[in-house]
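As structure tokens, the structure follows; a few thoughts come after it.
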Amino acid sequence: MLKNPKSLLLIGSVLCMANACNKSNVPTTTATTPGAGYQISGQLSNAPAGTKVYLAELGEAQFVSRDTASVDDKGHFTFKGTVPEPSLYQVKLNDQNQALVALDNSTNLELSGDATRLSEGYTVKGSEDSEMLRQLGAVLGKGRASAQALEQRYNAAASAGRADSMQAIEAQYMAAQARNSAAIKKLVRQRPTSVASAFVVNNLINPDEEFAFADSMATLFKKAMPESRYTKALVARLDPMRVTAVGAEAPEINLNSPDGKPVALSSLRGKYVLLDFWASWCGPCRKENPNVVKAYQKFKGKGFEIYSVSLDQNRDKWLKAIKDDNLTWTHVSDLKAWDSAAGKAYGITSIPMSLLLDPQGRIIAKNLRGPALEAKLASVLK
């Protein structure tokens with residue numbers, strides 16, 4: 001597997017939800033204002049008369065069934081109703097054939113496509129938000145195909161023991177992530193005040209790497225649609241991350257080292273510092289430690305230090321892990337596990353978690369792993 005733990009810009013998040021539907025008895029077909037409401041006029045080729053088409057609303061974690069229509073002998077179907085607020089919906093024949101659309105109570109949408117390959121390509125008219133979602137699907141599909149091809153090549157290289165090829169494929173994978181991120185942000189910027197954009201930023205943009213962009217869009221969403229569920233979800237996600245956003249000054253930590261003496265994070269000012277949250281019981285942390293050791297040995301005499309905060313409770317196990325993994329840098333802990341004062345200050349909910357600080361104590365990168373950490377250190381410690 002490629003070492004980057006994230007899927008390619010969370011490609012599966014929308015498509016996986018497309019396969020989970022819960023039945024709901026909440027009707028959407030009774031208009032509360034004369035003339036108000038949405039209409040979807042569909043035209044499907046290769047759909048026998050009587051073919052069922054389903055309309056489902058995107059809930060918090062899955063699609064919820066809202067309405068059903070039948071295709072006539074000319075491939076036509078229609079949905080009419082009202083929505084409680086502008087939201088994303090799915091027009092679906094089955095798990096392999098579906099389209100994501102945006103509806104509000106003034107939407108008059110025309111959707112057409114081939115019933116046997118609807119997900120591969122369809123057209124929409126009458127809704128710029130729905131057209132944006134169609135373009136997004138094309139970007140995600142292309143990215144997913146690229147990621148799958150790269151993973152196959154990576155696994156083949158790993159089986160053959162070709163380390164150089166594996167590293168090159170990882171670099172291509174990261175470049176593909178960057179291209180997809182740029183394409184997604186371009187679509188969002190074209191629709192800066194839409195619910196579709198708010199959903200995309202919350203679900204397809206990694207705020208650890210793109211906090212400034214996500215936060216700037218959240219500001220626009222709060223002004224344009226403060227009551228939208230997608231705006232609220234994005235704001236709730238970003239607010240706790242503000243303290244560890246790239247560009248922020250790292251909060252002070254002052255905990256005891258193994259010899260019982262307090263060591264402040266700020267005592268390492270003037271150097272680039274990797275602030276590393278880990279624990280002896282954390283398998284992924286221990287697996288990553290050799291990469292961190294390698295980076296430390298390479299750069300420790302060039303203005304680089306490491307400040308490790310353990311979320312252990314057992315002092316003996318903590319000290320044994322330090323010795324066993326050859327971690328010869330600064331270590332601190334209050335031995336309170338997830339109740340660690342430092343962990344709470346930084347909003348730590350999973351480990352390993354690391355932040356790279358500049359000599360002034362500002363966060364310049366997060367969660368650099370393996371070659372990515374060495375590459376970043378090489379670029380800042382010229």
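Every chain in the structure tokens takes a letter, A first, then B, and so on in the order presented; its residues are numbered from 1, and the ligands are numbered from 1 following the presented order.
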Long-range neighbours of segment 258-262 of chain A as a list of chain:residue names, 8 Å cut-off, only C-alpha atoms, 4 positions minimum in chain: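 So, after excluding close chain neighbours, the residues are A:Asn254, A:Leu319, A:His331, A:Val332, A:Ser333.
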Write to file, as a PDB file, in the first residue's frame, the residues of the selection just made, with C-alpha atoms.
ATOM      1  CA  ASN A 254       5.921  22.235  29.923  1.00  0.00           C
ATOM      2  CA  LEU A 319      10.987   4.394  29.101  1.00  0.00           C
ATOM      3  CA  HIS A 331      10.842  13.330  25.784  1.00  0.00           C
ATOM      4  CA  VAL A 332       8.107  14.536  28.132  1.00  0.00           C
ATOM      5  CA  SER A 333       4.882  13.155  29.582  1.00  0.00           C
TER       6      SER A 333
END
Alpha helix (DSSP H) call set, DSSP backbone run, segment 161-240 of chain A, as a PyMOL selection string: chain A and resi 163-190+195-204+207-224+229-238
Distance criterion (only C-alpha atoms): nearest to Ala372 of chain A out of A:Ala171, A:Ala182, A:Leu255, A:Ile348: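 That would be A:Ala171, the residue with the smallest distance to Ala372 of chain A.
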Coordinates-based distance that separates atom CA of Asp129 of chain A from atom CA of Val64 of chain A (Å, one decimal):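 Distance reported for this atom pair: 20.2 Å.
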Lys232 of chain A surroundings by only C-alpha atoms, 12 Å radius, close-in-sequence under 4 positions cut, as a PyMOL selection string: chain A and resi 60+195+198-199+202+218-219+221-223+225-228+236-239
Residue with smallest distance to Leu356 of chain A - pool A:Arg144, A:His76, A:Lys336, A:Lys376, counting only C-alpha atoms: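 Distance minimum relative to Leu356 of chain A lands on A:Lys376.
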Residues near Ser181 of chain A, cut-off 12 Å, only C-alpha atoms, skip fewer than 5 positions along chain, as a list in words: Leu8, Leu9, Leu10, Ile11, Leu136, Val139, Leu140, Gly143, Met174, Ala175, Ala176, Lys186, Leu187, Val188, Val200, Val201, Leu204, Ile205, Asn206, Pro207, Glu209, Glu210, Phe213 and Ala214 of chain A
Given the selection you just returned, output its residues as a file containing N, CA, C and O atoms, formatted as a short mmCIF file (atom, residue, chain, number, x, y, z; two decimals), in the first residue's frame.
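Heads up, here's the output in again-v1.cif:
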data_model
loop_
_atom_site.label_atom_id
_atom_site.label_comp_id
_atom_site.auth_asym_id
_atom_site.auth_seq_id
_atom_site.Cartn_x
_atom_site.Cartn_y
_atom_site.Cartn_z
N LEU A 8 -7.15 9.27 -1.93
CA LEU A 8 -6.91 10.41 -2.80
C LEU A 8 -8.03 11.42 -2.65
O LEU A 8 -9.07 11.33 -3.29
N LEU A 9 -7.80 12.39 -1.74
CA LEU A 9 -8.76 13.45 -1.46
C LEU A 9 -10.13 12.90 -1.06
O LEU A 9 -11.17 13.43 -1.41
N LEU A 10 -10.09 11.79 -0.31
CA LEU A 10 -11.32 11.21 0.22
C LEU A 10 -12.31 10.89 -0.90
O LEU A 10 -13.52 11.12 -0.79
N ILE A 11 -11.79 10.38 -2.01
CA ILE A 11 -12.61 10.14 -3.20
C ILE A 11 -13.85 9.32 -2.89
O ILE A 11 -14.92 9.56 -3.42
N LEU A 136 -17.53 17.75 -10.59
CA LEU A 136 -16.80 17.17 -9.47
C LEU A 136 -16.71 15.65 -9.61
O LEU A 136 -15.65 15.05 -9.39
N VAL A 139 -14.02 14.73 -11.96
CA VAL A 139 -12.69 14.90 -11.37
C VAL A 139 -12.37 13.73 -10.43
O VAL A 139 -11.28 13.15 -10.47
N LEU A 140 -13.34 13.38 -9.59
CA LEU A 140 -13.12 12.30 -8.63
C LEU A 140 -12.94 10.95 -9.33
O LEU A 140 -12.11 10.14 -8.93
N GLY A 143 -9.48 10.84 -10.76
CA GLY A 143 -8.51 10.69 -9.68
C GLY A 143 -8.51 9.29 -9.10
O GLY A 143 -7.46 8.74 -8.79
N MET A 174 1.52 11.66 -4.65
CA MET A 174 1.39 12.98 -4.02
C MET A 174 1.09 14.05 -5.06
O MET A 174 0.30 14.97 -4.82
N ALA A 175 1.74 13.96 -6.22
CA ALA A 175 1.48 14.92 -7.29
C ALA A 175 0.04 14.81 -7.78
O ALA A 175 -0.61 15.82 -8.08
N ALA A 176 -0.48 13.58 -7.85
CA ALA A 176 -1.87 13.38 -8.26
C ALA A 176 -2.82 14.00 -7.24
O ALA A 176 -3.84 14.61 -7.60
N LYS A 186 -10.72 24.84 -7.59
CA LYS A 186 -11.14 25.68 -8.71
C LYS A 186 -12.66 25.65 -8.86
O LYS A 186 -13.31 26.69 -9.05
N LEU A 187 -13.25 24.46 -8.75
CA LEU A 187 -14.70 24.35 -8.84
C LEU A 187 -15.38 25.10 -7.70
O LEU A 187 -16.38 25.79 -7.90
N VAL A 188 -14.84 24.98 -6.50
CA VAL A 188 -15.42 25.65 -5.33
C VAL A 188 -15.37 27.17 -5.50
O VAL A 188 -16.33 27.87 -5.18
N VAL A 200 -18.58 20.23 -0.40
CA VAL A 200 -17.30 19.79 -0.98
C VAL A 200 -16.14 20.16 -0.07
O VAL A 200 -15.25 19.34 0.20
N VAL A 201 -16.12 21.40 0.43
CA VAL A 201 -15.02 21.83 1.30
C VAL A 201 -14.98 20.98 2.56
O VAL A 201 -13.90 20.57 3.02
N LEU A 204 -14.24 16.99 1.06
CA LEU A 204 -13.21 16.63 0.09
C LEU A 204 -11.94 17.46 0.18
O LEU A 204 -11.02 17.25 -0.61
N ILE A 205 -11.88 18.38 1.10
CA ILE A 205 -10.66 19.17 1.32
C ILE A 205 -10.10 18.78 2.68
O ILE A 205 -10.81 18.76 3.68
N ASN A 206 -8.81 18.46 2.70
CA ASN A 206 -8.16 18.07 3.95
C ASN A 206 -7.72 19.33 4.69
O ASN A 206 -6.77 19.99 4.28
N PRO A 207 -8.40 19.68 5.80
CA PRO A 207 -8.07 20.94 6.48
C PRO A 207 -6.69 20.92 7.14
O PRO A 207 -6.14 21.98 7.43
N GLU A 209 -4.05 20.12 5.67
CA GLU A 209 -3.15 20.62 4.65
C GLU A 209 -3.66 21.90 3.99
O GLU A 209 -2.88 22.65 3.40
N GLU A 210 -4.97 22.14 4.06
CA GLU A 210 -5.57 23.27 3.35
C GLU A 210 -6.41 24.13 4.30
O GLU A 210 -7.48 24.60 3.93
N PHE A 213 -7.41 27.77 3.10
CA PHE A 213 -8.45 27.77 2.07
C PHE A 213 -9.81 27.42 2.67
O PHE A 213 -10.81 28.11 2.43
N ALA A 214 -9.86 26.34 3.46
CA ALA A 214 -11.13 25.92 4.06
C ALA A 214 -11.70 27.00 4.95
O ALA A 214 -12.91 27.27 4.93
#
Please, which residues of segment 203-343 of chain A, numbered as in this document, come out strand (DSSP E or B) from DSSP, as an mmCIF file with N, CA and C atoms, in the first residue's frame?
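What landed in result14.cif:
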data_model
loop_
_atom_site.group_PDB
_atom_site.id
_atom_site.type_symbol
_atom_site.label_atom_id
_atom_site.label_comp_id
_atom_site.auth_asym_id
_atom_site.auth_seq_id
_atom_site.Cartn_x
_atom_site.Cartn_y
_atom_site.Cartn_z
ATOM 1 N N GLU A 249 0.909 29.873 16.057
ATOM 2 C CA GLU A 249 2.007 29.653 17.003
ATOM 3 C C GLU A 249 1.646 28.474 17.906
ATOM 4 N N ASN A 254 4.866 22.274 28.910
ATOM 5 C CA ASN A 254 5.921 22.235 29.923
ATOM 6 C C ASN A 254 5.660 21.041 30.841
ATOM 7 N N LEU A 255 6.137 19.873 30.409
ATOM 8 C CA LEU A 255 5.917 18.631 31.146
ATOM 9 C C LEU A 255 7.255 18.021 31.567
ATOM 10 N N ASN A 256 7.162 17.020 32.417
ATOM 11 C CA ASN A 256 8.376 16.402 32.944
ATOM 12 C C ASN A 256 9.017 15.445 31.946
ATOM 13 N N PRO A 262 10.971 19.357 34.497
ATOM 14 C CA PRO A 262 10.140 19.914 33.419
ATOM 15 C C PRO A 262 10.991 20.477 32.293
ATOM 16 N N VAL A 263 10.522 20.256 31.078
ATOM 17 C CA VAL A 263 11.187 20.795 29.889
ATOM 18 C C VAL A 263 10.126 21.501 29.048
ATOM 19 N N ALA A 264 10.324 22.774 28.796
ATOM 20 C CA ALA A 264 9.355 23.559 28.021
ATOM 21 C C ALA A 264 9.629 23.420 26.527
ATOM 22 N N TYR A 272 14.353 24.304 14.175
ATOM 23 C CA TYR A 272 13.167 23.625 13.663
ATOM 24 C C TYR A 272 12.894 22.440 14.579
ATOM 25 N N VAL A 273 11.642 22.297 15.008
ATOM 26 C CA VAL A 273 11.295 21.286 15.999
ATOM 27 C C VAL A 273 10.134 20.437 15.492
ATOM 28 N N LEU A 274 10.321 19.124 15.552
ATOM 29 C CA LEU A 274 9.213 18.224 15.296
ATOM 30 C C LEU A 274 8.544 17.921 16.623
ATOM 31 N N LEU A 275 7.320 18.399 16.798
ATOM 32 C CA LEU A 275 6.523 18.109 17.989
ATOM 33 C C LEU A 275 5.733 16.841 17.708
ATOM 34 N N ASP A 276 6.087 15.770 18.387
ATOM 35 C CA ASP A 276 5.568 14.444 18.067
ATOM 36 C C ASP A 276 4.759 13.874 19.226
ATOM 37 N N PHE A 277 3.473 13.595 18.986
ATOM 38 C CA PHE A 277 2.620 12.948 19.979
ATOM 39 C C PHE A 277 2.566 11.455 19.662
ATOM 40 N N TRP A 278 2.879 10.619 20.669
ATOM 41 C CA TRP A 278 2.964 9.181 20.460
ATOM 42 C C TRP A 278 2.697 8.454 21.764
ATOM 43 N N PHE A 304 17.935 21.117 13.860
ATOM 44 C CA PHE A 304 16.697 20.358 13.989
ATOM 45 C C PHE A 304 16.673 19.586 15.299
ATOM 46 N N GLU A 305 15.522 19.628 15.984
ATOM 47 C CA GLU A 305 15.337 18.872 17.216
ATOM 48 C C GLU A 305 13.945 18.244 17.226
ATOM 49 N N ILE A 306 13.748 17.306 18.131
ATOM 50 C CA ILE A 306 12.454 16.647 18.282
ATOM 51 C C ILE A 306 12.015 16.762 19.741
ATOM 52 N N TYR A 307 10.739 17.032 19.930
ATOM 53 C CA TYR A 307 10.140 17.138 21.260
ATOM 54 C C TYR A 307 8.957 16.173 21.266
ATOM 55 N N SER A 308 9.146 15.012 21.896
ATOM 56 C CA SER A 308 8.125 13.968 21.888
ATOM 57 C C SER A 308 7.278 14.002 23.151
ATOM 58 N N VAL A 309 5.978 14.023 22.961
ATOM 59 C CA VAL A 309 5.021 13.995 24.066
ATOM 60 C C VAL A 309 4.336 12.635 24.063
ATOM 61 N N SER A 310 4.527 11.867 25.133
ATOM 62 C CA SER A 310 3.937 10.542 25.218
ATOM 63 C C SER A 310 2.578 10.581 25.908
ATOM 64 N N THR A 330 14.476 14.782 23.029
ATOM 65 C CA THR A 330 13.730 15.242 24.205
ATOM 66 C C THR A 330 12.382 14.536 24.323
ATOM 67 N N HIS A 331 12.108 14.019 25.518
ATOM 68 C CA HIS A 331 10.842 13.330 25.784
ATOM 69 C C HIS A 331 10.188 13.915 27.030
ATOM 70 N N VAL A 332 8.862 14.072 26.973
ATOM 71 C CA VAL A 332 8.107 14.536 28.132
ATOM 72 C C VAL A 332 6.782 13.791 28.208
#
Spatial neighbours of Ile40 of chain A, 8 Å, only C-alpha atoms, chain gap at least 3 places, as a list in words: Thr78, Phe79, Lys80, Thr107, Asn108, Leu109, Glu110 and Leu111 of chain A
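With distances restricted to only C-alpha atoms, A:Ala196 is the closest residue to Ala102 of chain A from A:Ala160, A:Ala224, A:Ala196, A:Val83.
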Neighbour list for Leu55 of chain A as a PyMOL selection string, cut-off 10 Å, only C-alpha atoms, skip fewer than 4 positions in-chain: chain A and resi 40+63-69+79+89-93+98-101
For the residues in the current selection, export N, CA, C and O atoms as a tab-separated table (two decimals), in the first residue's frame.
chain	number	residue	atom	x	y	z
A	40	ILE	N	-37.66	18.04	-10.96
A	40	ILE	CA	-36.63	17.35	-11.73
A	40	ILE	C	-37.32	16.65	-12.89
A	40	ILE	O	-38.18	15.79	-12.68
A	63	PHE	N	-27.39	8.68	2.62
A	63	PHE	CA	-28.55	9.17	1.90
A	63	PHE	C	-29.82	8.58	2.49
A	63	PHE	O	-29.87	7.41	2.86
A	64	VAL	N	-30.87	9.41	2.56
A	64	VAL	CA	-32.15	9.01	3.13
A	64	VAL	C	-33.22	9.11	2.05
A	64	VAL	O	-33.40	10.16	1.44
A	65	SER	N	-33.92	8.02	1.78
A	65	SER	CA	-34.91	7.96	0.72
A	65	SER	C	-36.02	9.00	0.94
A	65	SER	O	-36.55	9.12	2.04
A	66	ARG	N	-36.37	9.72	-0.13
A	66	ARG	CA	-37.40	10.74	-0.03
A	66	ARG	C	-38.57	10.53	-1.00
A	66	ARG	O	-39.70	10.87	-0.70
A	67	ASP	N	-38.29	9.98	-2.20
A	67	ASP	CA	-39.36	9.85	-3.18
A	67	ASP	C	-38.98	8.79	-4.20
A	67	ASP	O	-37.80	8.43	-4.34
A	68	THR	N	-39.98	8.29	-4.91
A	68	THR	CA	-39.77	7.30	-5.97
A	68	THR	C	-40.62	7.69	-7.17
A	68	THR	O	-41.76	8.15	-7.02
A	69	ALA	N	-40.06	7.52	-8.36
A	69	ALA	CA	-40.78	7.78	-9.60
A	69	ALA	C	-40.59	6.59	-10.53
A	69	ALA	O	-39.68	5.78	-10.34
A	79	PHE	N	-39.81	14.29	-10.71
A	79	PHE	CA	-39.92	14.46	-9.26
A	79	PHE	C	-40.37	15.90	-9.00
A	79	PHE	O	-39.83	16.84	-9.59
A	89	TYR	N	-28.93	16.04	-3.08
A	89	TYR	CA	-29.77	14.87	-3.26
A	89	TYR	C	-29.14	13.94	-4.30
A	89	TYR	O	-28.27	14.34	-5.07
A	90	GLN	N	-29.63	12.73	-4.30
A	90	GLN	CA	-29.15	11.71	-5.22
A	90	GLN	C	-30.33	11.20	-6.04
A	90	GLN	O	-31.37	10.82	-5.49
A	91	VAL	N	-30.15	11.22	-7.36
A	91	VAL	CA	-31.09	10.57	-8.26
A	91	VAL	C	-30.47	9.22	-8.62
A	91	VAL	O	-29.38	9.16	-9.19
A	92	LYS	N	-31.16	8.13	-8.29
A	92	LYS	CA	-30.51	6.82	-8.31
A	92	LYS	C	-31.41	5.75	-8.93
A	92	LYS	O	-32.60	5.66	-8.63
A	93	LEU	N	-30.80	4.96	-9.80
A	93	LEU	CA	-31.44	3.76	-10.31
A	93	LEU	C	-31.02	2.55	-9.50
A	93	LEU	O	-31.83	1.71	-9.12
A	98	GLN	N	-26.13	6.46	-10.57
A	98	GLN	CA	-26.70	7.53	-9.76
A	98	GLN	C	-26.05	8.86	-10.12
A	98	GLN	O	-24.98	8.91	-10.70
A	99	ALA	N	-26.74	9.93	-9.77
A	99	ALA	CA	-26.23	11.28	-10.02
A	99	ALA	C	-26.51	12.15	-8.79
A	99	ALA	O	-27.56	12.04	-8.17
A	100	LEU	N	-25.55	13.00	-8.45
A	100	LEU	CA	-25.69	13.90	-7.31
A	100	LEU	C	-26.16	15.26	-7.83
A	100	LEU	O	-25.60	15.81	-8.78
A	101	VAL	N	-27.22	15.80	-7.19
A	101	VAL	CA	-27.76	17.09	-7.60
A	101	VAL	C	-28.00	17.96	-6.38
A	101	VAL	O	-28.02	17.48	-5.24
